[in-house]
Structure formats: C-alpha cells, structure tokens
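**Q** This is the structure I want to talk about, given as structure tokens.
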Amino acid sequence: MIEVFEYKICNVYDKNIFSKQCTAIKQHIPNIAKDEILSDVDGSQLQIYTLTSGEKIKVRNSIDFGISIESDIDIEKYFI
C-alpha cells in the first residue's frame, strides 16, 4: 500500500498563495517536472509535479476547500 502525505496550507482559495506554494516546490525539491496547470470551470486549480522516480505531488487551489498538497513522498524535509 502506498502512503499518501497530505498538507493543508490554508482554508481559503487564493491564487497568490497557490502560486507561492508551486514556486517553493519547484525551487526546493530536486529532479521534479512541472505538468501543465489544470483549471476547473469554478476557477479551482491543480498543479501536478512528477519526480524522476515517478512519484507525484499535487497542489490544489480549491474554491470549496482552500489550498492543499497531496504527495506520494514526505515533502517536509525539503522545507525545514
């Protein structure tokens, strides 16, 4: 069973915070490729990153739930 790590960044939809989170992930996590950003009709956004090992990191900016990160790896070690 694959462990999934979830991080709640904030509970509001915010394009600036979403952008800063995406920039931080790209800067701090090595060997990562950025996929095209996906946007929903309500304005929600999803940015997916893929590591060379195949693991994924998903950054969501949801109108209903705010900003969160779902990751196949523990990303905390990159931000301490």
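Identifiers for the structure tokens are assigned positionally: chains receive A, B, ... in sequence, residues are indexed from 1 per chain, and ligands are indexed from 1 in the order shown.
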Let's see if you can do this: from backbone DSSP, list all strand (DSSP E or B) residues in chain A, as a ChimeraX atom specification.
**A** /A:5-10,32-34,38-39,45-51,56-62,66-71
**Q** What's the 12 Å shell around Ser39 of chain A, counting only C-alpha atoms, without same-chain residues fewer than 2 positions away, as a list in words?
**A**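 The residues satisfying every condition are Lys15, Glu36, Ile37, Val41, Asp42, Gly43, Ser44, Gln45, Leu46, Gln47, Ile48, Val59, Arg60, Asn61, Ser62 and Ile63 of chain A.
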**Q** Pick the closest to Ile75 of chain A from A:Pro30, A:Ser53, A:Cys10, A:Lys20: which is it, counting only C-alpha atoms?
**A** A:Pro30
**Q** Residues at most 12 Å from Lys77 of chain A, counting only C-alpha atoms, excluding those fewer than 3 positions away in the same chain, as a PyMOL selection string?
**A** chain A and resi 25+28-29+73-74+80
**Q** Please, what distance in Å, to one decimal, runs between atom CA of Tyr13 of chain A and atom CA of Phe65 of chain A?
**A** 7.3 Å
**Q** Could you pull out the helix (DSSP H, G or I) residues of chain A, going by DSSP on the backbone, and write them as a PyMOL selection string?
**A** chain A and resi 15-28+76-78
**Q** Report, in Å with one decimal, the straight-line distance from atom CA of Ala33 of chain A to atom CA of Lys8 of chain A.
**A** 22.1 Å
**Q** What's around Glu55 of chain A at 10 Å? Count only C-alpha atoms, leave out sequence neighbours fewer than 6 positions away in its own chain, and write the answer as a PDB file with N, CA and C atoms, in the first residue's frame.
**A**
ATOM      1  N   ILE A  32      12.389  17.353 -10.350  1.00  0.00           N
ATOM      2  CA  ILE A  32      10.935  17.419 -10.435  1.00  0.00           C
ATOM      3  C   ILE A  32      10.533  18.107 -11.740  1.00  0.00           C
ATOM      4  N   TYR A  49       3.182  17.817 -10.170  1.00  0.00           N
ATOM      5  CA  TYR A  49       4.619  17.683 -10.385  1.00  0.00           C
ATOM      6  C   TYR A  49       4.952  16.202 -10.362  1.00  0.00           C
ATOM      7  N   SER A  71       0.848  14.337  -1.698  1.00  0.00           N
ATOM      8  CA  SER A  71       2.139  13.905  -2.214  1.00  0.00           C
ATOM      9  C   SER A  71       2.392  12.425  -1.959  1.00  0.00           C
ATOM     10  N   ASP A  72       3.062  11.798  -2.906  1.00  0.00           N
ATOM     11  CA  ASP A  72       3.484  10.407  -2.735  1.00  0.00           C
ATOM     12  C   ASP A  72       4.722  10.305  -1.845  1.00  0.00           C
ATOM     13  N   ILE A  73       5.393  11.433  -1.596  1.00  0.00           N
ATOM     14  CA  ILE A  73       6.569  11.462  -0.726  1.00  0.00           C
ATOM     15  C   ILE A  73       6.357  12.491   0.375  1.00  0.00           C
TER      16      ILE A  73
END
